[in-house]
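What's in structure-v1.cif: mmCIF, N, CA and C atoms
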data_work
#
loop_
_atom_site.label_atom_id
_atom_site.label_comp_id
_atom_site.auth_asym_id
_atom_site.auth_seq_id
_atom_site.Cartn_x
_atom_site.Cartn_y
_atom_site.Cartn_z
N MET A 1 27.14 -61.78 20.22
CA MET A 1 28.27 -61.43 19.37
C MET A 1 28.81 -60.08 19.84
N SER A 2 30.12 -60.01 20.01
CA SER A 2 30.73 -58.78 20.50
C SER A 2 30.74 -57.70 19.41
N GLU A 3 30.92 -56.47 19.86
CA GLU A 3 30.95 -55.34 18.93
C GLU A 3 32.14 -55.46 17.98
N ALA A 4 33.28 -55.93 18.49
CA ALA A 4 34.48 -56.09 17.66
C ALA A 4 34.24 -57.12 16.56
N LEU A 5 33.57 -58.20 16.90
CA LEU A 5 33.28 -59.24 15.92
C LEU A 5 32.30 -58.74 14.86
N LYS A 6 31.30 -57.97 15.29
CA LYS A 6 30.32 -57.41 14.35
C LYS A 6 30.98 -56.47 13.35
N ILE A 7 31.81 -55.55 13.85
CA ILE A 7 32.45 -54.58 12.95
C ILE A 7 33.42 -55.30 12.02
N THR A 8 34.10 -56.31 12.52
CA THR A 8 35.03 -57.08 11.68
C THR A 8 34.28 -57.78 10.55
N GLU A 9 33.16 -58.36 10.88
CA GLU A 9 32.33 -59.05 9.88
C GLU A 9 31.83 -58.07 8.82
N ARG A 10 31.38 -56.90 9.25
CA ARG A 10 30.89 -55.88 8.32
C ARG A 10 32.00 -55.38 7.39
N VAL A 11 33.16 -55.10 7.97
CA VAL A 11 34.28 -54.59 7.18
C VAL A 11 34.76 -55.66 6.19
N LEU A 12 34.83 -56.89 6.64
CA LEU A 12 35.26 -57.98 5.77
C LEU A 12 34.34 -58.12 4.57
N LYS A 13 33.05 -58.13 4.82
CA LYS A 13 32.08 -58.26 3.74
C LYS A 13 32.18 -57.06 2.77
N ALA A 14 32.32 -55.87 3.31
CA ALA A 14 32.41 -54.66 2.48
C ALA A 14 33.66 -54.68 1.60
N PHE A 15 34.80 -55.06 2.18
CA PHE A 15 36.03 -55.08 1.39
C PHE A 15 36.02 -56.18 0.34
N LYS A 16 35.40 -57.30 0.64
CA LYS A 16 35.33 -58.39 -0.34
C LYS A 16 34.51 -57.99 -1.56
N TYR A 17 33.41 -57.27 -1.33
CA TYR A 17 32.50 -56.96 -2.43
C TYR A 17 32.68 -55.55 -3.01
N TYR A 18 33.06 -54.59 -2.17
CA TYR A 18 33.09 -53.19 -2.63
C TYR A 18 34.46 -52.53 -2.54
N ARG A 19 35.44 -53.23 -1.97
CA ARG A 19 36.81 -52.72 -1.81
C ARG A 19 36.90 -51.49 -0.93
N CYS A 20 35.88 -51.26 -0.10
CA CYS A 20 35.90 -50.17 0.86
C CYS A 20 34.82 -50.43 1.91
N PHE A 21 34.81 -49.60 2.95
CA PHE A 21 33.79 -49.73 4.00
C PHE A 21 33.29 -48.33 4.33
N VAL A 22 32.00 -48.11 4.17
CA VAL A 22 31.39 -46.81 4.45
C VAL A 22 30.70 -46.90 5.81
N PHE A 23 30.92 -45.89 6.65
CA PHE A 23 30.34 -45.91 7.98
C PHE A 23 30.01 -44.49 8.46
N GLU A 24 29.29 -44.41 9.56
CA GLU A 24 28.87 -43.12 10.11
C GLU A 24 29.85 -42.63 11.17
N LYS A 25 29.79 -41.35 11.44
CA LYS A 25 30.72 -40.69 12.35
C LYS A 25 30.72 -41.33 13.74
N HIS A 26 29.57 -41.74 14.23
CA HIS A 26 29.51 -42.30 15.59
C HIS A 26 30.26 -43.63 15.69
N GLU A 27 30.55 -44.27 14.54
CA GLU A 27 31.30 -45.53 14.52
C GLU A 27 32.81 -45.31 14.38
N LEU A 28 33.24 -44.08 14.23
CA LEU A 28 34.65 -43.76 13.98
C LEU A 28 35.59 -44.34 15.03
N PRO A 29 35.32 -44.17 16.32
CA PRO A 29 36.25 -44.76 17.32
C PRO A 29 36.36 -46.29 17.22
N VAL A 30 35.25 -46.94 16.95
CA VAL A 30 35.24 -48.41 16.82
C VAL A 30 36.05 -48.82 15.59
N VAL A 31 35.90 -48.10 14.49
CA VAL A 31 36.62 -48.43 13.26
C VAL A 31 38.12 -48.17 13.44
N LYS A 32 38.48 -47.07 14.10
CA LYS A 32 39.90 -46.79 14.35
C LYS A 32 40.52 -47.89 15.21
N ASP A 33 39.79 -48.32 16.24
CA ASP A 33 40.26 -49.40 17.10
C ASP A 33 40.43 -50.69 16.29
N PHE A 34 39.47 -50.96 15.42
CA PHE A 34 39.53 -52.14 14.55
C PHE A 34 40.78 -52.10 13.67
N VAL A 35 41.07 -50.95 13.07
CA VAL A 35 42.22 -50.81 12.18
C VAL A 35 43.52 -51.13 12.92
N VAL A 36 43.63 -50.63 14.14
CA VAL A 36 44.84 -50.87 14.92
C VAL A 36 44.95 -52.35 15.32
N LYS A 37 43.87 -52.90 15.85
CA LYS A 37 43.90 -54.28 16.34
C LYS A 37 44.03 -55.31 15.23
N SER A 38 43.53 -55.01 14.05
CA SER A 38 43.63 -55.96 12.93
C SER A 38 44.90 -55.74 12.11
N GLU A 39 45.76 -54.86 12.58
CA GLU A 39 47.06 -54.57 11.95
C GLU A 39 46.93 -54.06 10.52
N LEU A 40 45.96 -53.17 10.31
CA LEU A 40 45.76 -52.57 8.99
C LEU A 40 46.37 -51.18 8.89
N THR A 41 47.00 -50.72 9.96
CA THR A 41 47.60 -49.39 9.95
C THR A 41 48.62 -49.30 8.81
N GLY A 42 48.50 -48.27 8.00
CA GLY A 42 49.38 -48.08 6.85
C GLY A 42 48.83 -48.68 5.56
N LEU A 43 47.93 -49.65 5.70
CA LEU A 43 47.34 -50.27 4.51
C LEU A 43 46.03 -49.62 4.12
N VAL A 44 45.37 -48.98 5.09
CA VAL A 44 44.07 -48.37 4.85
C VAL A 44 44.09 -46.89 5.20
N LEU A 45 43.08 -46.20 4.73
CA LEU A 45 42.95 -44.77 4.93
C LEU A 45 41.51 -44.50 5.36
N ILE A 46 41.35 -43.72 6.43
CA ILE A 46 40.02 -43.30 6.87
C ILE A 46 39.87 -41.84 6.50
N LYS A 47 38.78 -41.54 5.77
CA LYS A 47 38.55 -40.15 5.39
C LYS A 47 37.05 -39.92 5.22
N LYS A 48 36.67 -38.65 5.12
CA LYS A 48 35.27 -38.33 4.87
C LYS A 48 34.93 -38.77 3.45
N ALA A 49 33.78 -39.39 3.30
CA ALA A 49 33.37 -39.87 1.99
C ALA A 49 33.13 -38.70 1.03
N ASP A 50 32.57 -37.63 1.55
CA ASP A 50 32.27 -36.44 0.75
C ASP A 50 32.29 -35.24 1.69
N PRO A 51 32.97 -34.17 1.32
CA PRO A 51 33.04 -32.99 2.20
C PRO A 51 31.67 -32.39 2.53
N ARG A 52 30.68 -32.64 1.69
CA ARG A 52 29.35 -32.09 1.94
C ARG A 52 28.62 -32.79 3.08
N TYR A 53 29.05 -34.02 3.39
CA TYR A 53 28.38 -34.80 4.43
C TYR A 53 29.34 -35.04 5.59
N GLU A 54 29.09 -34.38 6.69
CA GLU A 54 29.97 -34.43 7.85
C GLU A 54 29.96 -35.78 8.56
N ASP A 55 28.90 -36.55 8.44
CA ASP A 55 28.73 -37.75 9.24
C ASP A 55 29.04 -39.05 8.51
N ILE A 56 29.52 -39.00 7.27
CA ILE A 56 29.78 -40.22 6.52
C ILE A 56 31.27 -40.34 6.21
N TYR A 57 31.85 -41.46 6.65
CA TYR A 57 33.28 -41.72 6.46
C TYR A 57 33.46 -42.98 5.61
N ILE A 58 34.69 -43.13 5.10
CA ILE A 58 35.00 -44.30 4.29
C ILE A 58 36.37 -44.84 4.71
N LEU A 59 36.44 -46.15 4.79
CA LEU A 59 37.69 -46.86 5.03
C LEU A 59 38.07 -47.49 3.70
N THR A 60 39.21 -47.11 3.16
CA THR A 60 39.61 -47.58 1.84
C THR A 60 41.09 -47.92 1.82
N ALA A 61 41.52 -48.63 0.82
CA ALA A 61 42.94 -49.00 0.69
C ALA A 61 43.78 -47.75 0.46
N SER A 62 44.91 -47.70 1.12
CA SER A 62 45.83 -46.59 0.93
C SER A 62 46.65 -46.83 -0.33
N LEU A 63 46.65 -45.87 -1.22
CA LEU A 63 47.37 -45.99 -2.49
C LEU A 63 48.64 -45.14 -2.49
N LYS A 64 49.04 -44.71 -1.31
CA LYS A 64 50.19 -43.83 -1.18
C LYS A 64 51.45 -44.47 -1.78
N GLY A 65 52.08 -43.77 -2.67
CA GLY A 65 53.31 -44.23 -3.28
C GLY A 65 53.14 -45.10 -4.51
N PHE A 66 51.91 -45.52 -4.80
CA PHE A 66 51.68 -46.40 -5.94
C PHE A 66 52.00 -45.71 -7.26
N GLU A 67 51.58 -44.46 -7.40
CA GLU A 67 51.76 -43.77 -8.68
C GLU A 67 53.24 -43.64 -9.04
N GLN A 68 54.04 -43.20 -8.09
CA GLN A 68 55.47 -43.03 -8.37
C GLN A 68 56.13 -44.36 -8.68
N GLU A 69 55.75 -45.40 -7.96
CA GLU A 69 56.31 -46.73 -8.21
C GLU A 69 55.94 -47.22 -9.61
N CYS A 70 54.70 -46.98 -10.02
CA CYS A 70 54.25 -47.41 -11.34
C CYS A 70 54.91 -46.62 -12.46
N VAL A 71 55.09 -45.33 -12.26
CA VAL A 71 55.80 -44.51 -13.26
C VAL A 71 57.21 -45.06 -13.43
N SER A 72 57.86 -45.41 -12.33
CA SER A 72 59.20 -45.98 -12.39
C SER A 72 59.22 -47.29 -13.15
N LYS A 73 58.23 -48.15 -12.90
CA LYS A 73 58.15 -49.44 -13.59
C LYS A 73 57.97 -49.26 -15.09
N VAL A 74 57.11 -48.33 -15.50
CA VAL A 74 56.85 -48.09 -16.92
C VAL A 74 58.10 -47.50 -17.57
N ASP A 75 58.75 -46.57 -16.90
CA ASP A 75 59.99 -45.99 -17.45
C ASP A 75 61.08 -47.05 -17.58
N GLU A 76 61.08 -48.00 -16.63
CA GLU A 76 62.06 -49.09 -16.68
C GLU A 76 61.83 -49.99 -17.90
N LEU A 77 60.56 -50.19 -18.24
CA LEU A 77 60.24 -50.98 -19.45
C LEU A 77 60.87 -50.35 -20.68
N LEU A 78 60.78 -49.03 -20.77
CA LEU A 78 61.36 -48.31 -21.90
C LEU A 78 62.88 -48.42 -21.89
N SER A 79 63.48 -48.21 -20.72
CA SER A 79 64.94 -48.21 -20.65
C SER A 79 65.53 -49.59 -20.94
N ARG A 80 64.78 -50.66 -20.65
CA ARG A 80 65.26 -52.02 -20.95
C ARG A 80 64.93 -52.44 -22.37
N GLY A 81 64.21 -51.57 -23.10
CA GLY A 81 63.87 -51.86 -24.49
C GLY A 81 62.73 -52.84 -24.65
N GLN A 82 61.91 -53.00 -23.61
CA GLN A 82 60.80 -53.95 -23.69
C GLN A 82 59.60 -53.37 -24.43
N ILE A 83 59.55 -52.05 -24.53
CA ILE A 83 58.51 -51.42 -25.36
C ILE A 83 59.18 -50.33 -26.21
N PRO A 84 58.76 -50.21 -27.47
CA PRO A 84 59.34 -49.18 -28.34
C PRO A 84 58.90 -47.77 -27.90
N LEU A 85 59.71 -46.79 -28.26
CA LEU A 85 59.48 -45.41 -27.84
C LEU A 85 58.13 -44.88 -28.31
N ASP A 86 57.75 -45.18 -29.56
CA ASP A 86 56.47 -44.67 -30.06
C ASP A 86 55.29 -45.26 -29.29
N GLN A 87 55.38 -46.54 -28.93
CA GLN A 87 54.33 -47.17 -28.13
C GLN A 87 54.32 -46.59 -26.72
N TYR A 88 55.51 -46.33 -26.17
CA TYR A 88 55.63 -45.73 -24.84
C TYR A 88 54.92 -44.38 -24.79
N LYS A 89 55.16 -43.56 -25.83
CA LYS A 89 54.53 -42.23 -25.87
C LYS A 89 53.01 -42.32 -25.93
N LYS A 90 52.51 -43.29 -26.70
CA LYS A 90 51.06 -43.43 -26.86
C LYS A 90 50.39 -44.03 -25.62
N MET A 91 51.08 -44.96 -24.97
CA MET A 91 50.42 -45.77 -23.95
C MET A 91 50.93 -45.55 -22.53
N ARG A 92 51.78 -44.58 -22.30
CA ARG A 92 52.39 -44.39 -20.99
C ARG A 92 51.33 -44.24 -19.90
N ASN A 93 50.37 -43.35 -20.10
CA ASN A 93 49.34 -43.11 -19.08
C ASN A 93 48.50 -44.36 -18.81
N GLU A 94 48.16 -45.08 -19.88
CA GLU A 94 47.37 -46.31 -19.72
C GLU A 94 48.15 -47.37 -18.95
N LEU A 95 49.44 -47.49 -19.25
CA LEU A 95 50.27 -48.47 -18.55
C LEU A 95 50.39 -48.13 -17.06
N VAL A 96 50.54 -46.86 -16.76
CA VAL A 96 50.63 -46.43 -15.35
C VAL A 96 49.30 -46.72 -14.65
N GLU A 97 48.19 -46.42 -15.31
CA GLU A 97 46.87 -46.70 -14.73
C GLU A 97 46.67 -48.18 -14.47
N GLN A 98 47.06 -49.01 -15.43
CA GLN A 98 46.94 -50.46 -15.26
C GLN A 98 47.78 -50.95 -14.09
N CYS A 99 48.95 -50.41 -13.97
CA CYS A 99 49.85 -50.78 -12.88
C CYS A 99 49.23 -50.40 -11.52
N ILE A 100 48.69 -49.18 -11.43
CA ILE A 100 48.07 -48.72 -10.17
C ILE A 100 46.88 -49.61 -9.83
N THR A 101 46.06 -49.94 -10.83
CA THR A 101 44.89 -50.80 -10.60
C THR A 101 45.33 -52.17 -10.10
N SER A 102 46.37 -52.71 -10.71
CA SER A 102 46.89 -54.01 -10.29
C SER A 102 47.41 -53.96 -8.86
N MET A 103 48.15 -52.93 -8.53
CA MET A 103 48.67 -52.79 -7.17
C MET A 103 47.55 -52.59 -6.16
N GLU A 104 46.51 -51.88 -6.56
CA GLU A 104 45.35 -51.68 -5.68
C GLU A 104 44.67 -53.02 -5.39
N HIS A 105 44.52 -53.84 -6.41
CA HIS A 105 43.90 -55.17 -6.23
C HIS A 105 44.73 -56.02 -5.27
N GLU A 106 46.04 -55.95 -5.41
CA GLU A 106 46.92 -56.70 -4.51
C GLU A 106 46.80 -56.18 -3.07
N ARG A 107 46.69 -54.87 -2.93
CA ARG A 107 46.53 -54.27 -1.60
C ARG A 107 45.21 -54.72 -0.97
N ILE A 108 44.15 -54.75 -1.76
CA ILE A 108 42.83 -55.20 -1.27
C ILE A 108 42.92 -56.65 -0.81
N LYS A 109 43.58 -57.50 -1.59
CA LYS A 109 43.75 -58.90 -1.19
C LYS A 109 44.47 -59.00 0.15
N GLU A 110 45.52 -58.21 0.30
CA GLU A 110 46.29 -58.20 1.55
C GLU A 110 45.42 -57.76 2.72
N ILE A 111 44.61 -56.74 2.50
CA ILE A 111 43.71 -56.24 3.54
C ILE A 111 42.69 -57.31 3.93
N VAL A 112 42.08 -57.93 2.93
CA VAL A 112 41.07 -58.97 3.19
C VAL A 112 41.69 -60.13 3.97
N GLU A 113 42.91 -60.53 3.61
CA GLU A 113 43.59 -61.62 4.33
C GLU A 113 43.80 -61.26 5.80
N LYS A 114 44.24 -60.03 6.05
CA LYS A 114 44.47 -59.60 7.44
C LYS A 114 43.15 -59.55 8.22
N ILE A 115 42.09 -59.08 7.58
CA ILE A 115 40.79 -59.01 8.25
C ILE A 115 40.30 -60.43 8.55
N GLU A 116 40.48 -61.35 7.61
CA GLU A 116 40.05 -62.74 7.83
C GLU A 116 40.81 -63.37 8.99
N LYS A 117 42.11 -63.12 9.07
CA LYS A 117 42.90 -63.64 10.21
C LYS A 117 42.39 -63.08 11.53
N TYR A 118 42.13 -61.78 11.53
CA TYR A 118 41.63 -61.13 12.75
C TYR A 118 40.25 -61.68 13.11
N TYR A 119 39.42 -61.91 12.13
CA TYR A 119 38.07 -62.46 12.35
C TYR A 119 38.17 -63.86 12.97
N GLN A 120 39.04 -64.68 12.43
CA GLN A 120 39.24 -66.03 12.97
C GLN A 120 39.75 -65.97 14.41
N LYS A 121 40.65 -65.04 14.67
CA LYS A 121 41.18 -64.87 16.02
C LYS A 121 40.06 -64.48 17.00
N LEU A 122 39.20 -63.55 16.58
CA LEU A 122 38.08 -63.13 17.42
C LEU A 122 37.06 -64.25 17.62
N SER A 123 36.82 -65.01 16.55
CA SER A 123 35.85 -66.11 16.63
C SER A 123 36.30 -67.19 17.60
N LYS A 124 37.57 -67.48 17.60
CA LYS A 124 38.11 -68.49 18.52
C LYS A 124 38.03 -68.03 19.98
N ALA A 125 38.18 -66.72 20.18
CA ALA A 125 38.16 -66.17 21.53
C ALA A 125 36.75 -66.19 22.14
N GLN A 126 35.74 -66.28 21.29
CA GLN A 126 34.35 -66.24 21.76
C GLN A 126 33.86 -67.56 22.25
#

Output the file's structure in the form of structure tokens.
Amino acid sequence: MSEALKITERVLKAFKYYRCFVFEKHELPVVKDFVVKSELTGLVLIKKADPRYEDIYILTASLKGFEQECVSKVDELLSRGQIPLDQYKKMRNELVEQCITSMEHERIKEIVEKIEKYYQKLSKAQ
């Protein structure tokens, strides 16, 4: 089994069950290559898992722009009269959080689909 197939299998399993992939620093070049080849650029984010640990990284869904989009959606509900003002005041933060969580789940599904396609492509090549 090739290294690309192994890393793809590991990332796929991690995203399906944990919605992220934790790896060590020595695997960073392989993971970066995987992200580019599996067309996940822009959908995922690679960062240190914790600043205290130099050698542990995490690959996770990129949530960039989700908060602003969700705030706009919630404000739109108010402007269209779909929720009363008093309910809006009480529940605005919760509605935004629910929206972000929903968008994150959709992003994870998209990531898993792309990884599965890439895995199938690699499996056929072997």

Region 40-109 of chain A: residues DSSP assigns to strand (DSSP E), reported as a VMD selection string
chain A and resid 44 to 48 56 to 61

Writer output for current selection, N, CA and C atoms, as a PDB file, in the coordinates of the input:
ATOM      1  N   VAL A  44      45.370 -48.980   5.090  1.00  0.00           N
ATOM      2  CA  VAL A  44      44.070 -48.370   4.850  1.00  0.00           C
ATOM      3  C   VAL A  44      44.090 -46.890   5.200  1.00  0.00           C
ATOM      4  N   LEU A  45      43.080 -46.200   4.730  1.00  0.00           N
ATOM      5  CA  LEU A  45      42.950 -44.770   4.930  1.00  0.00           C
ATOM      6  C   LEU A  45      41.510 -44.500   5.360  1.00  0.00           C
ATOM      7  N   ILE A  46      41.350 -43.720   6.430  1.00  0.00           N
ATOM      8  CA  ILE A  46      40.020 -43.300   6.870  1.00  0.00           C
ATOM      9  C   ILE A  46      39.870 -41.840   6.500  1.00  0.00           C
ATOM     10  N   LYS A  47      38.780 -41.540   5.770  1.00  0.00           N
ATOM     11  CA  LYS A  47      38.550 -40.150   5.390  1.00  0.00           C
ATOM     12  C   LYS A  47      37.050 -39.920   5.220  1.00  0.00           C
ATOM     13  N   LYS A  48      36.670 -38.650   5.120  1.00  0.00           N
ATOM     14  CA  LYS A  48      35.270 -38.330   4.870  1.00  0.00           C
ATOM     15  C   LYS A  48      34.930 -38.770   3.450  1.00  0.00           C
ATOM     16  N   ILE A  56      29.520 -39.000   7.270  1.00  0.00           N
ATOM     17  CA  ILE A  56      29.780 -40.220   6.520  1.00  0.00           C
ATOM     18  C   ILE A  56      31.270 -40.340   6.210  1.00  0.00           C
ATOM     19  N   TYR A  57      31.850 -41.460   6.650  1.00  0.00           N
ATOM     20  CA  TYR A  57      33.280 -41.720   6.460  1.00  0.00           C
ATOM     21  C   TYR A  57      33.460 -42.980   5.610  1.00  0.00           C
ATOM     22  N   ILE A  58      34.690 -43.130   5.100  1.00  0.00           N
ATOM     23  CA  ILE A  58      35.000 -44.300   4.290  1.00  0.00           C
ATOM     24  C   ILE A  58      36.370 -44.840   4.710  1.00  0.00           C
ATOM     25  N   LEU A  59      36.440 -46.150   4.790  1.00  0.00           N
ATOM     26  CA  LEU A  59      37.690 -46.860   5.030  1.00  0.00           C
ATOM     27  C   LEU A  59      38.070 -47.490   3.700  1.00  0.00           C
ATOM     28  N   THR A  60      39.210 -47.110   3.160  1.00  0.00           N
ATOM     29  CA  THR A  60      39.610 -47.580   1.840  1.00  0.00           C
ATOM     30  C   THR A  60      41.090 -47.920   1.820  1.00  0.00           C
ATOM     31  N   ALA A  61      41.520 -48.630   0.820  1.00  0.00           N
ATOM     32  CA  ALA A  61      42.940 -49.000   0.690  1.00  0.00           C
ATOM     33  C   ALA A  61      43.780 -47.750   0.460  1.00  0.00           C
TER      34      ALA A  61
END

The distance between CA of Lys64 (chain A) and CA of Val30 (chain A) is 23.8 Å

Using DSSP on the backbone coordinates, identify all residues within chain A classified as alpha helix (DSSP H); present the result as a PyMOL selection string.
chain A and resi 3-18+28-37+66-79+85-125

If we count only N, CA and C atoms and set the cut-off at 6.5 Å, which residues sit around region 69-72 of chain A, ignoring sequence neighbours fewer than 5 positions away in its own chain? Please answer as a count of residues only.
4

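Considering all atoms listed in the file, the residue among A:Glu106, A:Cys20, A:Ala125, A:Leu95 positioned nearest to Leu59 (chain A) is A:Cys20.
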
Write out, as JSON lines, each residue of region 20-93 of chain A that has an atom at most 10 Å from region 2-15 of chain A, together with the closest pair of atoms and their distance in Å to one decimal, counting only C-alpha atoms, rows going by chain and rising number.
{"residue": "A:Cys20", "atom": "CA", "partner": "A:Phe15", "partner_atom": "CA", "distance": 4.9}
{"residue": "A:Phe21", "atom": "CA", "partner": "A:Ala14", "partner_atom": "CA", "distance": 5.3}
{"residue": "A:Val22", "atom": "CA", "partner": "A:Ala14", "partner_atom": "CA", "distance": 8.2}
{"residue": "A:Phe23", "atom": "CA", "partner": "A:Val11", "partner_atom": "CA", "distance": 9.6}
{"residue": "A:Glu27", "atom": "CA", "partner": "A:Ile7", "partner_atom": "CA", "distance": 9.3}
{"residue": "A:Val30", "atom": "CA", "partner": "A:Ala4", "partner_atom": "CA", "distance": 7.8}
{"residue": "A:Val31", "atom": "CA", "partner": "A:Ile7", "partner_atom": "CA", "distance": 7.4}
{"residue": "A:Asp33", "atom": "CA", "partner": "A:Ala4", "partner_atom": "CA", "distance": 8.9}
{"residue": "A:Phe34", "atom": "CA", "partner": "A:Ala4", "partner_atom": "CA", "distance": 7.1}
{"residue": "A:Val35", "atom": "CA", "partner": "A:Thr8", "partner_atom": "CA", "distance": 9.6}
{"residue": "A:Lys37", "atom": "CA", "partner": "A:Ala4", "partner_atom": "CA", "distance": 9.7}
{"residue": "A:Ser38", "atom": "CA", "partner": "A:Thr8", "partner_atom": "CA", "distance": 8.8}
{"residue": "A:Leu59", "atom": "CA", "partner": "A:Val11", "partner_atom": "CA", "distance": 8.7}
{"residue": "A:Thr60", "atom": "CA", "partner": "A:Phe15", "partner_atom": "CA", "distance": 8.3}
{"residue": "A:Ala61", "atom": "CA", "partner": "A:Phe15", "partner_atom": "CA", "distance": 9.2}

Written selection (N, CA and C atoms) as an mmCIF file, in the frame of the given file:
data_model
loop_
_atom_site.group_PDB
_atom_site.id
_atom_site.type_symbol
_atom_site.label_atom_id
_atom_site.label_comp_id
_atom_site.auth_asym_id
_atom_site.auth_seq_id
_atom_site.Cartn_x
_atom_site.Cartn_y
_atom_site.Cartn_z
ATOM 1 N N CYS A 20 35.880 -51.260 -0.100
ATOM 2 C CA CYS A 20 35.900 -50.170 0.860
ATOM 3 C C CYS A 20 34.820 -50.430 1.910
ATOM 4 N N PHE A 21 34.810 -49.600 2.950
ATOM 5 C CA PHE A 21 33.790 -49.730 4.000
ATOM 6 C C PHE A 21 33.290 -48.330 4.330
ATOM 7 N N VAL A 22 32.000 -48.110 4.170
ATOM 8 C CA VAL A 22 31.390 -46.810 4.450
ATOM 9 C C VAL A 22 30.700 -46.900 5.810
ATOM 10 N N PHE A 23 30.920 -45.890 6.650
ATOM 11 C CA PHE A 23 30.340 -45.910 7.980
ATOM 12 C C PHE A 23 30.010 -44.490 8.460
ATOM 13 N N GLU A 27 30.550 -44.270 14.540
ATOM 14 C CA GLU A 27 31.300 -45.530 14.520
ATOM 15 C C GLU A 27 32.810 -45.310 14.380
ATOM 16 N N VAL A 30 35.250 -46.940 16.950
ATOM 17 C CA VAL A 30 35.240 -48.410 16.820
ATOM 18 C C VAL A 30 36.050 -48.820 15.590
ATOM 19 N N VAL A 31 35.900 -48.100 14.490
ATOM 20 C CA VAL A 31 36.620 -48.430 13.260
ATOM 21 C C VAL A 31 38.120 -48.170 13.440
ATOM 22 N N ASP A 33 39.790 -48.320 16.240
ATOM 23 C CA ASP A 33 40.260 -49.400 17.100
ATOM 24 C C ASP A 33 40.430 -50.690 16.290
ATOM 25 N N PHE A 34 39.470 -50.960 15.420
ATOM 26 C CA PHE A 34 39.530 -52.140 14.550
ATOM 27 C C PHE A 34 40.780 -52.100 13.670
ATOM 28 N N VAL A 35 41.070 -50.950 13.070
ATOM 29 C CA VAL A 35 42.220 -50.810 12.180
ATOM 30 C C VAL A 35 43.520 -51.130 12.920
ATOM 31 N N LYS A 37 43.870 -52.900 15.850
ATOM 32 C CA LYS A 37 43.900 -54.280 16.340
ATOM 33 C C LYS A 37 44.030 -55.310 15.230
ATOM 34 N N SER A 38 43.530 -55.010 14.050
ATOM 35 C CA SER A 38 43.630 -55.960 12.930
ATOM 36 C C SER A 38 44.900 -55.740 12.110
ATOM 37 N N LEU A 59 36.440 -46.150 4.790
ATOM 38 C CA LEU A 59 37.690 -46.860 5.030
ATOM 39 C C LEU A 59 38.070 -47.490 3.700
ATOM 40 N N THR A 60 39.210 -47.110 3.160
ATOM 41 C CA THR A 60 39.610 -47.580 1.840
ATOM 42 C C THR A 60 41.090 -47.920 1.820
ATOM 43 N N ALA A 61 41.520 -48.630 0.820
ATOM 44 C CA ALA A 61 42.940 -49.000 0.690
ATOM 45 C C ALA A 61 43.780 -47.750 0.460
#

Suppose a student applies the PyMOL selection byres ((chain A and resi 62) around 8) to this structure; what residues should they get, written as a ChimeraX atom specification?
/A:42-46,59-61,63-66,104,107-108

Expand the PyMOL selection byres ((chain A and resi 57) around 5) into the explicit residue set it covers here, and present it as a tab-separated table (two decimals) with N, CA and C atoms, keeping the file's coordinate frame.
chain	number	residue	atom	x	y	z
A	22	VAL	N	32.00	-48.11	4.17
A	22	VAL	CA	31.39	-46.81	4.45
A	22	VAL	C	30.70	-46.90	5.81
A	23	PHE	N	30.92	-45.89	6.65
A	23	PHE	CA	30.34	-45.91	7.98
A	23	PHE	C	30.01	-44.49	8.46
A	24	GLU	N	29.29	-44.41	9.56
A	24	GLU	CA	28.87	-43.12	10.11
A	24	GLU	C	29.85	-42.63	11.17
A	47	LYS	N	38.78	-41.54	5.77
A	47	LYS	CA	38.55	-40.15	5.39
A	47	LYS	C	37.05	-39.92	5.22
A	48	LYS	N	36.67	-38.65	5.12
A	48	LYS	CA	35.27	-38.33	4.87
A	48	LYS	C	34.93	-38.77	3.45
A	49	ALA	N	33.78	-39.39	3.30
A	49	ALA	CA	33.37	-39.87	1.99
A	49	ALA	C	33.13	-38.70	1.03
A	55	ASP	N	28.90	-36.55	8.44
A	55	ASP	CA	28.73	-37.75	9.24
A	55	ASP	C	29.04	-39.05	8.51
A	56	ILE	N	29.52	-39.00	7.27
A	56	ILE	CA	29.78	-40.22	6.52
A	56	ILE	C	31.27	-40.34	6.21
A	58	ILE	N	34.69	-43.13	5.10
A	58	ILE	CA	35.00	-44.30	4.29
A	58	ILE	C	36.37	-44.84	4.71
A	59	LEU	N	36.44	-46.15	4.79
A	59	LEU	CA	37.69	-46.86	5.03
A	59	LEU	C	38.07	-47.49	3.70

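Going from CA of Val112 (chain A) over to atom N of Val36 (chain A), you cover 14.0 Å.
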
Quick one: distance from CA of Arg19 (chain A) to CA of Glu67 (chain A) in Å, one decimal?
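For CA of Arg19 (chain A) relative to CA of Glu67 (chain A), the distance reads 18.7 Å.
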
Distance criterion (all atoms listed in the file): nearest to Tyr118 (chain A) out of A:Arg92, A:Pro29, A:Glu39, A:Tyr53
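Of A:Arg92, A:Pro29, A:Glu39, A:Tyr53, the one nearest Tyr118 (chain A) is A:Glu39, counting all atoms listed in the file.
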